$ cat query39.tsv   # TSV, C-alpha atoms and all ligand atoms
chain	number	residue	atom	x	y	z
A	1	MET	CA	0.00	0.00	0.00
A	2	GLY	CA	0.95	3.62	-0.07
A	3	LYS	CA	3.36	5.70	1.93
A	4	ALA	CA	2.14	8.64	4.04
A	5	LEU	CA	4.41	11.39	5.34
A	6	ILE	CA	3.25	13.00	8.58
A	7	VAL	CA	4.47	16.50	9.37
A	8	TYR	CA	5.22	15.42	12.89
A	9	SER	CA	5.60	17.33	16.15
A	10	GLY	CA	5.29	14.34	18.47
A	11	GLY	CA	2.27	15.85	20.22
A	12	LEU	CA	-1.16	14.32	20.67
A	13	ASP	CA	-2.73	15.40	17.36
A	14	THR	CA	0.07	14.24	15.09
A	15	THR	CA	0.71	11.06	17.08
A	16	VAL	CA	-2.86	9.78	16.74
A	17	CYS	CA	-2.49	10.40	13.01
A	18	ILE	CA	-0.08	7.44	12.86
A	19	PRO	CA	-2.60	4.64	13.66
A	20	LEU	CA	-5.36	6.60	11.91
A	21	MET	CA	-3.40	6.56	8.67
A	22	ARG	CA	-2.67	2.85	9.07
A	23	GLU	CA	-6.40	2.21	9.45
A	24	GLN	CA	-6.94	4.27	6.34
A	25	GLY	CA	-4.74	1.80	4.45
A	26	PHE	CA	-1.29	3.33	4.33
A	27	GLY	CA	1.30	0.58	4.68
A	28	GLU	CA	4.27	2.80	5.42
A	29	ILE	CA	4.35	5.86	7.63
A	30	VAL	CA	7.20	8.35	7.50
A	31	THR	CA	7.36	11.04	10.18
A	32	VAL	CA	9.28	14.27	9.72
A	33	THR	CA	10.02	16.69	12.53
A	34	VAL	CA	11.39	20.00	11.34
A	35	ASP	CA	13.49	21.56	14.08
A	36	VAL	CA	13.07	25.34	14.13
A	37	GLY	CA	14.03	25.59	17.79
A	38	GLN	CA	11.43	23.58	19.69
A	39	PRO	CA	12.60	22.34	23.10
A	40	ALA	CA	15.15	19.54	22.70
A	41	GLU	CA	12.91	17.23	24.80
A	42	ASP	CA	10.10	17.66	22.26
A	43	ILE	CA	12.39	16.84	19.35
A	44	ALA	CA	13.69	13.75	21.16
A	45	GLN	CA	10.20	12.69	22.23
A	46	ALA	CA	8.95	12.91	18.63
A	47	ALA	CA	11.74	10.61	17.44
A	48	GLU	CA	11.06	8.18	20.26
A	49	ARG	CA	7.30	7.99	19.74
A	50	ALA	CA	7.73	7.58	15.99
A	51	LYS	CA	10.12	4.70	16.61
A	52	ILE	CA	7.81	2.96	19.08
A	53	LEU	CA	5.03	3.20	16.51
A	54	GLY	CA	7.22	1.71	13.79
A	55	CYS	CA	7.64	4.76	11.57
A	56	GLU	CA	10.62	5.79	9.55
A	57	HIS	CA	11.53	9.05	11.26
A	58	PHE	CA	13.54	12.08	10.19
A	59	THR	CA	14.56	15.09	12.26
A	60	LEU	CA	15.56	17.99	10.07
A	61	ASP	CA	17.54	20.70	11.84
A	62	VAL	CA	16.78	23.91	9.94
A	63	LYS	CA	17.39	26.39	12.76
A	64	ASP	CA	20.20	28.09	10.90
A	65	GLU	CA	18.16	28.46	7.71
A	66	PHE	CA	15.18	29.65	9.75
A	67	ALA	CA	17.24	32.38	11.40
A	68	ARG	CA	18.87	33.50	8.13
A	69	GLU	CA	16.03	33.24	5.66
A	70	TYR	CA	12.98	33.90	7.86
A	71	CYS	CA	13.93	35.72	11.07
A	72	MET	CA	16.24	38.21	9.34
A	73	PRO	CA	13.54	39.24	6.79
A	74	ALA	CA	11.18	39.60	9.77
A	75	VAL	CA	13.66	42.04	11.33
A	76	HIS	CA	13.88	43.99	8.05
A	77	ALA	CA	10.07	44.24	7.91
A	78	ASN	CA	9.77	45.06	11.65
A	79	ALA	CA	7.39	42.09	11.78
A	80	ASP	CA	4.24	43.10	13.60
A	81	TYR	CA	0.72	41.71	13.21
A	82	PHE	CA	-1.33	43.70	15.74
A	83	GLY	CA	1.43	43.38	18.34
A	84	TYR	CA	2.54	39.84	17.40
A	85	PRO	CA	6.04	39.44	15.86
A	86	LEU	CA	4.72	36.54	13.74
A	87	SER	CA	6.83	33.89	15.44
A	88	THR	CA	4.67	30.86	14.64
A	89	ALA	CA	3.60	32.31	11.30
A	90	ILE	CA	7.07	32.65	9.74
A	91	ALA	CA	8.14	29.14	10.76
A	92	ARG	CA	5.27	27.34	9.04
A	93	PRO	CA	6.33	27.94	5.44
A	94	LEU	CA	9.78	26.51	6.16
A	95	ILE	CA	8.39	23.50	8.05
A	96	ALA	CA	6.05	22.76	5.14
A	97	LYS	CA	8.77	23.31	2.54
A	98	ARG	CA	11.25	20.96	4.23
A	99	ALA	CA	8.57	18.30	4.80
A	100	ALA	CA	7.45	18.56	1.16
A	101	LEU	CA	10.99	18.16	-0.16
A	102	LYS	CA	11.57	15.17	2.14
A	103	GLY	CA	8.30	13.67	0.88
A	104	LEU	CA	9.47	13.92	-2.71
A	105	GLU	CA	12.80	12.40	-1.73
A	106	VAL	CA	11.28	9.35	0.00
A	107	GLY	CA	8.56	9.03	-2.63
A	108	CYS	CA	5.50	9.44	-0.43
A	109	ASP	CA	1.95	9.21	-1.80
A	110	ALA	CA	0.30	11.67	0.58
A	111	PHE	CA	1.06	14.23	3.26
A	112	VAL	CA	-0.65	14.36	6.63
A	113	HIS	CA	-0.70	17.20	9.15
A	114	GLY	CA	-2.34	17.66	12.53
A	115	CYS	CA	-3.69	21.20	12.20
A	116	THR	CA	-7.20	21.86	13.42
A	117	GLY	CA	-9.85	23.57	11.33
A	118	LYS	CA	-9.90	26.64	13.57
A	119	GLY	CA	-6.38	27.95	13.28
A	120	ASN	CA	-4.12	29.62	10.75
A	121	ASP	CA	-1.62	26.80	10.56
A	122	GLN	CA	-3.82	24.65	8.28
A	123	PHE	CA	-3.54	27.35	5.62
A	124	ARG	CA	0.17	27.94	6.07
A	125	ILE	CA	1.15	24.26	6.16
A	126	GLU	CA	-1.07	23.08	3.32
A	127	HIS	CA	-0.06	25.95	1.09
A	128	GLY	CA	3.63	25.22	1.69
A	129	LEU	CA	3.15	21.51	0.95
A	130	LYS	CA	1.33	22.32	-2.30
A	131	MET	CA	3.96	24.85	-3.22
A	132	PHE	CA	6.77	22.28	-3.13
A	133	ALA	CA	5.01	18.96	-3.76
A	134	GLY	CA	2.06	20.23	-5.72
A	135	ASP	CA	0.35	17.11	-6.98
A	136	LEU	CA	0.34	15.01	-3.85
A	137	PRO	CA	-2.80	14.87	-1.73
A	138	VAL	CA	-2.86	16.40	1.75
A	139	ILE	CA	-4.83	14.76	4.55
A	140	ALA	CA	-5.85	16.69	7.68
A	141	PRO	CA	-7.47	14.08	9.98
A	142	VAL	CA	-8.13	16.38	12.95
A	143	ARG	CA	-9.98	18.88	10.79
A	144	GLU	CA	-11.64	16.45	8.38
A	145	ARG	CA	-12.98	14.18	11.10
A	146	ASN	CA	-13.82	16.91	13.62
A	147	LEU	CA	-11.59	15.25	16.22
A	148	THR	CA	-11.62	16.49	19.80
A	149	ARG	CA	-8.87	16.17	22.41
A	150	THR	CA	-11.04	13.88	24.52
A	151	TRP	CA	-11.67	11.57	21.57
A	152	GLU	CA	-7.96	11.55	20.68
A	153	ILE	CA	-6.89	10.65	24.24
A	154	GLU	CA	-9.41	7.78	24.40
A	155	TYR	CA	-8.40	6.56	20.96
A	156	ALA	CA	-4.70	6.68	21.88
A	157	GLU	CA	-5.27	4.70	25.06
A	158	LYS	CA	-7.35	2.08	23.25
A	159	ASN	CA	-4.67	1.67	20.58
A	160	ASN	CA	-1.63	1.67	22.89
A	161	VAL	CA	-0.37	4.89	21.40
A	162	PRO	CA	2.26	6.47	23.69
A	163	ILE	CA	1.04	9.96	24.52
A	164	GLY	CA	2.72	10.25	27.93
A	165	GLN	CA	2.10	13.59	29.57
A	166	SER	CA	0.16	14.96	26.55
A	167	LYS	CA	-2.96	13.86	28.37
A	168	HIS	CA	-2.31	16.25	31.23
A	169	LYS	CA	-1.14	19.19	29.16
A	170	ILE	CA	-3.33	22.19	29.79
A	171	TRP	CA	-1.80	24.55	27.24
A	172	SER	CA	-1.15	24.29	23.52
A	173	ILE	CA	2.37	25.54	23.02
A	174	ASP	CA	4.21	26.32	19.84
A	175	GLU	CA	7.86	27.22	20.07
A	176	ASN	CA	10.69	28.24	17.77
A	177	VAL	CA	13.68	30.54	18.14
A	178	TRP	CA	11.62	33.58	17.06
A	179	GLY	CA	9.10	33.13	19.88
A	180	ARG	CA	6.78	31.01	21.94
A	181	SER	CA	2.99	30.93	21.78
A	182	ILE	CA	0.77	29.66	24.57
A	183	GLU	CA	-2.89	29.01	23.86
A	184	GLY	CA	-5.82	26.93	25.01
A	185	GLY	CA	-7.47	26.03	28.30
A	186	ARG	CA	-8.62	28.98	30.37
A	187	LEU	CA	-6.36	31.33	28.37
A	188	GLU	CA	-9.01	31.37	25.64
A	189	ASP	CA	-11.10	33.55	27.95
A	190	PRO	CA	-9.90	37.17	27.51
A	191	THR	CA	-11.05	38.02	31.04
A	192	TYR	CA	-8.71	35.40	32.54
A	193	GLN	CA	-5.29	36.63	33.72
A	194	PRO	CA	-2.47	34.37	32.52
A	195	PRO	CA	-0.85	32.50	35.42
A	196	GLU	CA	2.91	32.84	35.88
A	197	GLU	CA	3.40	29.15	35.01
A	198	ILE	CA	2.73	29.67	31.29
A	199	PHE	CA	5.97	31.65	30.94
A	200	GLN	CA	9.25	29.85	30.31
A	201	TRP	CA	11.44	32.31	28.49
A	202	THR	CA	10.72	35.50	30.41
A	203	SER	CA	11.06	36.51	34.06
A	204	SER	CA	8.23	38.23	35.84
A	205	VAL	CA	8.80	41.88	36.70
A	206	GLU	CA	9.27	40.80	40.32
A	207	ASP	CA	11.97	38.24	39.50
A	208	ALA	CA	13.81	40.34	36.91
A	209	PRO	CA	17.20	41.71	38.04
A	210	ASN	CA	17.15	44.86	40.13
A	211	THR	CA	19.84	46.48	38.02
A	212	PRO	CA	19.36	47.53	34.41
A	213	GLU	CA	21.45	46.00	31.64
A	214	GLU	CA	22.80	47.78	28.57
A	215	ILE	CA	23.14	45.98	25.28
A	216	GLU	CA	24.54	47.15	21.97
A	217	ILE	CA	23.38	45.62	18.69
A	218	ALA	CA	25.38	46.26	15.52
A	219	PHE	CA	23.58	46.07	12.18
A	220	GLU	CA	24.79	45.62	8.62
A	221	ASN	CA	22.29	46.05	5.81
A	222	GLY	CA	19.42	45.55	8.24
A	223	ASN	CA	20.89	42.36	9.73
A	224	PRO	CA	21.93	42.24	13.38
A	225	VAL	CA	25.54	41.06	13.20
A	226	ALA	CA	27.06	41.61	16.65
A	227	ILE	CA	26.08	41.91	20.30
A	228	ASN	CA	28.28	44.13	22.48
A	229	GLY	CA	30.96	44.01	19.80
A	230	GLU	CA	30.97	40.23	19.43
A	231	GLY	CA	30.19	39.08	15.89
A	232	MET	CA	27.74	36.17	15.65
A	233	THR	CA	25.63	34.24	13.18
A	234	PRO	CA	21.95	35.18	12.84
A	235	LEU	CA	20.94	32.08	14.82
A	236	ALA	CA	23.42	32.77	17.63
A	237	ILE	CA	22.20	36.37	17.83
A	238	VAL	CA	18.54	35.38	18.08
A	239	VAL	CA	19.31	32.79	20.74
A	240	ARG	CA	21.45	35.22	22.76
A	241	VAL	CA	18.97	38.12	22.69
A	242	ASN	CA	16.24	35.73	23.81
A	243	GLU	CA	18.30	34.98	26.93
A	244	ILE	CA	19.18	38.58	27.65
A	245	ALA	CA	15.77	40.14	27.04
A	246	GLY	CA	13.98	37.17	28.62
A	247	ARG	CA	16.00	37.52	31.82
A	248	HIS	CA	14.73	41.11	32.12
A	249	GLY	CA	11.11	40.13	31.50
A	250	VAL	CA	10.92	41.77	28.08
A	251	GLY	CA	8.61	40.40	25.38
A	252	ARG	CA	5.50	39.12	27.12
A	253	ILE	CA	2.59	39.74	24.79
A	254	ASP	CA	-1.11	39.36	25.57
A	255	ILE	CA	-3.34	40.39	22.68
A	256	MET	CA	-6.61	39.88	20.90
A	257	GLU	CA	-5.83	38.44	17.49
A	258	ASP	CA	-7.95	38.22	14.35
A	259	ARG	CA	-7.42	34.85	12.74
A	260	MET	CA	-7.67	34.21	9.02
A	261	ILE	CA	-11.03	32.45	9.29
A	262	GLY	CA	-12.57	35.52	10.91
A	263	LEU	CA	-12.23	34.31	14.46
A	264	LYS	CA	-11.15	36.73	17.17
A	265	VAL	CA	-9.04	34.99	19.79
A	266	ARG	CA	-6.92	35.77	22.83
A	267	GLU	CA	-3.24	34.95	22.34
A	268	ASN	CA	-0.26	34.92	24.68
A	269	TYR	CA	3.31	35.03	23.47
A	270	GLU	CA	6.81	35.28	24.80
A	271	CYS	CA	9.00	36.94	22.20
A	272	PRO	CA	11.92	38.52	24.06
A	273	GLY	CA	14.55	38.34	21.33
A	274	SER	CA	12.33	39.37	18.45
A	275	THR	CA	10.92	42.26	20.50
A	276	LEU	CA	14.43	43.51	21.20
A	277	LEU	CA	15.81	43.10	17.69
A	278	ILE	CA	12.81	44.78	16.08
A	279	ALA	CA	12.94	47.70	18.53
A	280	ALA	CA	16.64	48.17	17.74
A	281	HIS	CA	16.09	47.84	13.99
A	282	ARG	CA	13.25	50.38	14.04
A	283	ALA	CA	15.46	52.84	15.90
A	284	LEU	CA	18.23	52.51	13.33
A	285	GLU	CA	15.83	52.82	10.38
A	286	ALA	CA	14.49	56.00	11.95
A	287	LEU	CA	18.00	57.45	11.88
A	288	VAL	CA	18.91	56.67	8.27
A	289	THR	CA	15.67	56.94	6.26
A	290	THR	CA	13.87	59.98	4.88
A	291	HIS	CA	10.43	60.98	6.07
A	292	ALA	CA	8.86	59.68	2.84
A	293	GLU	CA	10.63	56.34	3.19
A	294	ARG	CA	9.57	55.97	6.81
A	295	ALA	CA	5.94	56.80	6.12
A	296	PHE	CA	5.77	54.44	3.15
A	297	LYS	CA	7.66	51.66	4.89
A	298	LEU	CA	5.09	51.62	7.70
A	299	GLN	CA	2.52	50.66	5.09
A	300	VAL	CA	4.82	48.18	3.34
A	301	ASP	CA	5.68	46.54	6.67
A	302	GLN	CA	2.00	46.22	7.50
A	303	GLN	CA	1.28	44.54	4.17
A	304	TRP	CA	4.29	42.27	4.72
A	305	ALA	CA	2.85	41.26	8.12
A	306	GLU	CA	-0.55	40.46	6.57
A	307	MET	CA	1.09	38.23	3.96
A	308	ALA	CA	3.38	36.54	6.49
A	309	TYR	CA	0.43	35.94	8.82
A	310	ARG	CA	-1.38	34.17	5.99
A	311	GLY	CA	1.68	32.06	5.18
A	312	LEU	CA	1.84	33.52	1.67
A	313	TRP	CA	5.61	33.56	1.78
A	314	TRP	CA	6.00	32.88	-1.96
A	315	GLU	CA	3.39	35.33	-3.29
A	316	PRO	CA	4.75	37.65	-5.98
A	317	PHE	CA	3.43	40.54	-3.88
A	318	MET	CA	5.76	39.38	-1.10
A	319	ASP	CA	8.66	39.68	-3.55
A	320	ASP	CA	7.52	43.20	-4.44
A	321	LEU	CA	7.33	44.20	-0.78
A	322	ASN	CA	10.72	42.60	-0.08
A	323	ALA	CA	12.23	44.52	-2.99
A	324	PHE	CA	11.31	47.84	-1.37
A	325	ILE	CA	12.23	46.65	2.11
A	326	GLY	CA	15.57	45.32	0.82
A	327	SER	CA	16.38	48.54	-0.95
A	328	VAL	CA	15.93	50.47	2.30
A	329	GLN	CA	18.06	47.93	4.22
A	330	SER	CA	21.17	48.80	2.21
A	331	ARG	CA	21.60	51.83	4.50
A	332	VAL	CA	20.44	50.24	7.76
A	333	SER	CA	23.96	49.81	9.08
A	334	GLY	CA	25.22	51.09	12.41
A	335	TRP	CA	24.58	50.43	16.08
A	336	VAL	CA	21.85	50.80	18.66
A	337	LYS	CA	22.14	50.70	22.43
A	338	LEU	CA	19.23	49.60	24.56
A	339	ARG	CA	18.55	49.42	28.27
A	340	LEU	CA	16.62	46.52	29.72
A	341	TYR	CA	15.00	46.80	33.10
A	342	LYS	CA	12.05	45.12	34.81
A	343	GLY	CA	10.09	44.25	31.68
A	344	GLY	CA	10.97	47.54	29.99
A	345	LEU	CA	13.07	48.13	26.91
A	346	GLN	CA	14.43	51.54	25.97
A	347	VAL	CA	16.58	52.67	23.10
A	348	THR	CA	19.20	54.93	24.68
A	349	SER	CA	21.44	55.85	21.72
A	350	ARG	CA	22.14	55.02	18.09
A	351	GLY	CA	24.69	55.84	15.40
A	352	SER	CA	25.32	55.21	11.71
A	353	ASP	CA	27.55	56.34	8.87
A	354	TRP	CA	24.28	56.74	6.97
A	355	ALA	CA	22.60	58.97	9.59
A	356	LEU	CA	20.45	61.59	7.88
A	357	TYR	CA	21.06	63.86	10.76
A	358	SER	CA	23.02	67.07	10.93
A	359	GLU	CA	23.76	68.31	14.38
A	360	ALA	CA	24.69	71.69	12.97
A	361	ALA	CA	21.35	72.07	11.18
A	362	ALA	CA	19.19	70.89	14.09
A	363	SER	CA	21.01	72.89	16.77
A	364	PHE	CA	19.27	75.87	18.40
A	365	ASP	CA	22.63	77.67	18.37
A	366	ASP	CA	23.12	77.42	14.62
A	367	VAL	CA	22.98	80.59	12.56
A	368	GLN	CA	24.77	79.43	9.42
A	369	VAL	CA	23.61	76.02	8.16
A	370	LEU	CA	19.88	76.61	8.37
A	371	GLU	CA	19.22	80.32	8.90
A	372	GLN	CA	15.90	80.69	10.77
A	373	SER	CA	14.93	83.95	9.13
A	374	LYS	CA	14.84	82.20	5.74
A	375	MET	CA	11.81	80.20	6.90
A	376	THR	CA	9.44	83.18	7.05
A	377	GLY	CA	8.21	82.72	3.48
A	378	MET	CA	7.53	79.02	3.89
A	379	VAL	CA	5.61	79.57	7.10
A	380	GLN	CA	3.37	82.15	5.38
A	381	THR	CA	1.67	79.62	3.12
A	382	HIS	CA	1.31	76.92	5.76
A	383	GLY	CA	-2.38	76.09	6.36
A	384	MET	CA	-3.55	78.53	3.69
A	385	GLU	CA	-6.36	76.31	2.47
A	386	SER	CA	-7.72	75.94	5.99
A	387	LEU	CA	-7.73	79.70	6.44
A	388	LEU	CA	-9.58	80.19	3.14
A	389	TYR	CA	-12.09	77.53	4.08
A	390	ALA	CA	-12.72	79.11	7.50
A	391	LYS	CA	-13.47	82.41	5.77
A	392	LEU	CA	-15.95	80.74	3.40
A	393	ARG	CA	-17.83	79.17	6.29
A	394	LYS	CA	-18.19	82.54	8.06
A	395	ARG	CA	-19.68	84.08	4.93
B	1	LIG	N1	-2.01	32.58	16.75
B	1	LIG	C1	-0.68	32.37	16.33
B	1	LIG	C2	-0.60	32.27	14.83
B	1	LIG	O1	-1.57	31.99	14.21
B	1	LIG	C3	-0.04	31.22	17.05
B	1	LIG	C4	-0.49	29.87	16.65
B	1	LIG	C5	0.14	28.86	17.54
B	1	LIG	N2	-0.07	27.55	17.04
B	1	LIG	C6	-0.20	26.50	17.83
B	1	LIG	N3	-0.38	25.36	17.24
B	1	LIG	N4	-0.18	26.60	19.14
B	1	LIG	O2	0.43	32.48	14.27
$ encode --input "query39.tsv" --output "structure tokens"
Amino acid sequence: MGKALIVYSGGLDTTVCIPLMREQGFGEIVTVTVDVGQPAEDIAQAAERAKILGCEHFTLDVKDEFAREYCMPAVHANADYFGYPLSTAIARPLIAKRAALKGLEVGCDAFVHGCTGKGNDQFRIEHGLKMFAGDLPVIAPVRERNLTRTWEIEYAEKNNVPIGQSKHKIWSIDENVWGRSIEGGRLEDPTYQPPEEIFQWTSSVEDAPNTPEEIEIAFENGNPVAINGEGMTPLAIVVRVNEIAGRHGVGRIDIMEDRMIGLKVRENYECPGSTLLIAAHRALEALVTTHAERAFKLQVDQQWAEMAYRGLWWEPFMDDLNAFIGSVQSRVSGWVKLRLYKGGLQVTSRGSDWALYSEAAASFDDVQVLEQSKMTGMVQTHGMESLLYAKLRKR
């Protein structure tokens, strides 16, 4: 019979897919876990469960590619979807792409994923699979069969499927180096205050150090390249800023989010590193870009976030947006210093060879570079239309 490839996390949903696909007639099951920075225990557990259930298993470590090709563009675009730095969203296209390519390599007949019918991930994952393995069918058992957690747990127990602690898990967690999302259980209720236990990457304000910490990020062409003078790869930078900002309680996010299917939901995130890098990047862009560039880039960045949220990573429009964003990045080189303290993050100074800033011109003591008296004419016409309109109304 056929071969099914499961895009596998090792959690409850994707694990019950293994016997379900056997029942459906697939003779061979291949599981693929794409490592974008999930906890090492989760990666190991996925491999172990797949083995127990007799699957051919692959773990694909793409953390480096994720940081370079997905997190860096997110920095360039100041990734922000209504307060969310798009951490889950930007990982899905890469997970789907790698799984699709592996599927072609092992000659699978169908792909299987564990996304529910209520989230965004079904769109992102299925689109990515179709993009790279177009003709192969995609099966989504949880969505197609309206599966519930309770049903899945019962089914797993009946079929001797190892689900370990999954049964007792209260929260649905998705994690990669760009951030951590915590959903489900009582958190779905927007009136419920998140308990401290949901946070793993960030300290509470109470536990954060009592002394502030300064950090300097150097940028080249929009890419963070060094921390406090020490050059590092994109992945090493993202990992390091997560530690530093997380220690100071920076990057806890609690928002209402509008999902693709039109569902408004409450979401909690911990995104210390991405929050810090984007704040620093914004500060440097503000120093080197013209007013027109800044105003337009706000709109471009917003469109970029909408596309990234939808997992439309390979849309031609995305290329168009990236072309503008990339053109601006060629001058986003320099450094930014930030101060972290008790959940707060402040830019304290910045510098660049491309700074569009003239101290002489801006200074109140200047009489030569920009002579004040020369402005009189320009000021005269300011607001002229409003004045004319006010006169007409009095008439
Ligand atoms: N709401 C976020 C998004 O759509 C996070 C989704 C988290 N996914 C998960 N399976 N827990 O990007």
$ residues_near_ligand --input "query39.tsv" --ligand "ligand LIG 1 (chain B)" --cutoff "9 Å" --atoms "all atoms listed in the file" --output "ChimeraX atom specification"
/A:84,86-90,92,115-116,119-121,171-175,180-184,257-260,265-269,309-310
$ closest_residue --input "query39.tsv" --among "A:Leu235, A:Leu5, A:Ala279, A:Ala44" --to "A:Leu345" --atoms "only C-alpha atoms"
A:Ala279
$ closest_atom_pairs --input "query39.tsv" --of "stretch 248-294 of chain A" --to "stretch 64-79 of chain A" --cutoff "9 Å" --atoms "all atoms listed in the file" --output "tab-separated table"
residue	atom	partner	partner_atom	distance
A:Ser274	CA	A:Val75	CA	7.7
A:Leu277	CA	A:Val75	CA	6.8
A:Ile278	CA	A:Asn78	CA	5.4
A:Ala279	CA	A:Asn78	CA	8.0
A:His281	CA	A:Val75	CA	6.8
A:Arg282	CA	A:Asn78	CA	6.8
$ write_last_selection --input "query39.tsv" --atoms "C-alpha atoms" --output "PDB file, in the coordinates of the input"
ATOM      1  CA  SER A 274      12.330  39.370  18.450  1.00  0.00           C
ATOM      2  CA  LEU A 277      15.810  43.100  17.690  1.00  0.00           C
ATOM      3  CA  ILE A 278      12.810  44.780  16.080  1.00  0.00           C
ATOM      4  CA  ALA A 279      12.940  47.700  18.530  1.00  0.00           C
ATOM      5  CA  HIS A 281      16.090  47.840  13.990  1.00  0.00           C
ATOM      6  CA  ARG A 282      13.250  50.380  14.040  1.00  0.00           C
TER       7      ARG A 282
END
$ residues_around --input "query39.tsv" --residues "A:Leu53" --least-positions-apart "6" --cutoff "10 Å" --atoms "only C-alpha atoms" --output "count of residues only"
7
$ closest_residue --input "query39.tsv" --among "A:Ala361, A:Leu12, A:Leu388, A:Ile6" --to "A:Gly164" --atoms "all atoms listed in the file"
A:Leu12
$ closest_residue --input "query39.tsv" --among "A:Glu23, A:Glu220, A:Asp13, A:Glu41" --to "A:Val332" --atoms "only C-alpha atoms"
A:Glu220
$ closest_residue --input "query39.tsv" --among "A:Thr31, A:Leu136, A:Pro194, A:Trp304" --to "A:Ala323" --atoms "all atoms listed in the file"
A:Trp304
$ atom_distance --input "query39.tsv" --atom1 "atom CA of A:His57" --atom2 "atom CA of A:Thr33"
7.9 Å
$ atom_distance --input "query39.tsv" --atom1 "atom CA of A:Cys17" --atom2 "atom CA of A:Gly134"
21.6 Å
$ atom_distance --input "query39.tsv" --atom1 "atom CA of A:Ser204" --atom2 "atom CA of A:Arg240"
18.8 Å
$ closest_residue --input "query39.tsv" --among "A:Tyr8, A:Tyr81, A:Tyr389, A:Tyr192" --to "A:Gly114" --atoms "only C-alpha atoms"
A:Tyr8
$ closest_residue --input "query39.tsv" --among "A:Ile163, A:Ala355, A:Val32, A:Trp151" --to "A:Arg49" --atoms "all atoms listed in the file"
A:Ile163
$ residues_around --input "query39.tsv" --residues "A:Arg98" --least-positions-apart "2" --cutoff "9 Å" --atoms "all atoms listed in the file" --output "list in words"
Val32, Val34, Leu60, Val62, Pro93, Leu94, Ile95, Ala96, Ala100, Leu101, Lys102, Gly103, Leu129 and Phe132 of chain A
$ decode --input "query39.tsv" --residues "stretch 282-293 of chain A" --atoms "N, CA, C and O atoms" --output "JSON list (two decimals), in the first residue's frame"
[["chain", "number", "residue", "atom", "x", "y", "z"],
["A", 282, "ARG", "N", 14.10, 49.21, 14.28],
["A", 282, "ARG", "CA", 13.25, 50.38, 14.04],
["A", 282, "ARG", "C", 14.01, 51.67, 14.36],
["A", 282, "ARG", "O", 13.91, 52.65, 13.63],
["A", 283, "ALA", "N", 14.74, 51.64, 15.47],
["A", 283, "ALA", "CA", 15.46, 52.84, 15.90],
["A", 283, "ALA", "C", 16.52, 53.22, 14.88],
["A", 283, "ALA", "O", 16.74, 54.40, 14.60],
["A", 284, "LEU", "N", 17.18, 52.22, 14.31],
["A", 284, "LEU", "CA", 18.23, 52.51, 13.33],
["A", 284, "LEU", "C", 17.61, 52.99, 12.00],
["A", 284, "LEU", "O", 18.11, 53.94, 11.39],
["A", 285, "GLU", "N", 16.52, 52.36, 11.60],
["A", 285, "GLU", "CA", 15.83, 52.82, 10.38],
["A", 285, "GLU", "C", 15.40, 54.27, 10.51],
["A", 285, "GLU", "O", 15.47, 55.05, 9.56],
["A", 286, "ALA", "N", 14.96, 54.63, 11.73],
["A", 286, "ALA", "CA", 14.49, 56.00, 11.95],
["A", 286, "ALA", "C", 15.62, 57.01, 11.77],
["A", 286, "ALA", "O", 15.39, 58.17, 11.44],
["A", 287, "LEU", "N", 16.85, 56.55, 11.99],
["A", 287, "LEU", "CA", 18.00, 57.45, 11.88],
["A", 287, "LEU", "C", 18.45, 57.64, 10.43],
["A", 287, "LEU", "O", 18.94, 58.70, 10.06],
["A", 288, "VAL", "N", 18.28, 56.63, 9.61],
["A", 288, "VAL", "CA", 18.91, 56.67, 8.27],
["A", 288, "VAL", "C", 17.93, 56.89, 7.11],
["A", 288, "VAL", "O", 18.36, 57.10, 5.98],
["A", 289, "THR", "N", 16.62, 56.82, 7.37],
["A", 289, "THR", "CA", 15.67, 56.94, 6.26],
["A", 289, "THR", "C", 15.03, 58.32, 6.21],
["A", 289, "THR", "O", 14.96, 59.03, 7.22],
["A", 290, "THR", "N", 14.56, 58.69, 5.03],
["A", 290, "THR", "CA", 13.87, 59.98, 4.88],
["A", 290, "THR", "C", 12.45, 59.84, 5.40],
["A", 290, "THR", "O", 11.94, 58.74, 5.59],
["A", 291, "HIS", "N", 11.82, 61.00, 5.59],
["A", 291, "HIS", "CA", 10.43, 60.98, 6.07],
["A", 291, "HIS", "C", 9.55, 60.19, 5.12],
["A", 291, "HIS", "O", 8.72, 59.37, 5.55],
["A", 292, "ALA", "N", 9.71, 60.38, 3.82],
["A", 292, "ALA", "CA", 8.86, 59.68, 2.84],
["A", 292, "ALA", "C", 9.10, 58.18, 2.91],
["A", 292, "ALA", "O", 8.15, 57.39, 2.85],
["A", 293, "GLU", "N", 10.33, 57.78, 3.06],
["A", 293, "GLU", "CA", 10.63, 56.34, 3.19],
["A", 293, "GLU", "C", 9.99, 55.75, 4.44],
["A", 293, "GLU", "O", 9.41, 54.66, 4.41]]
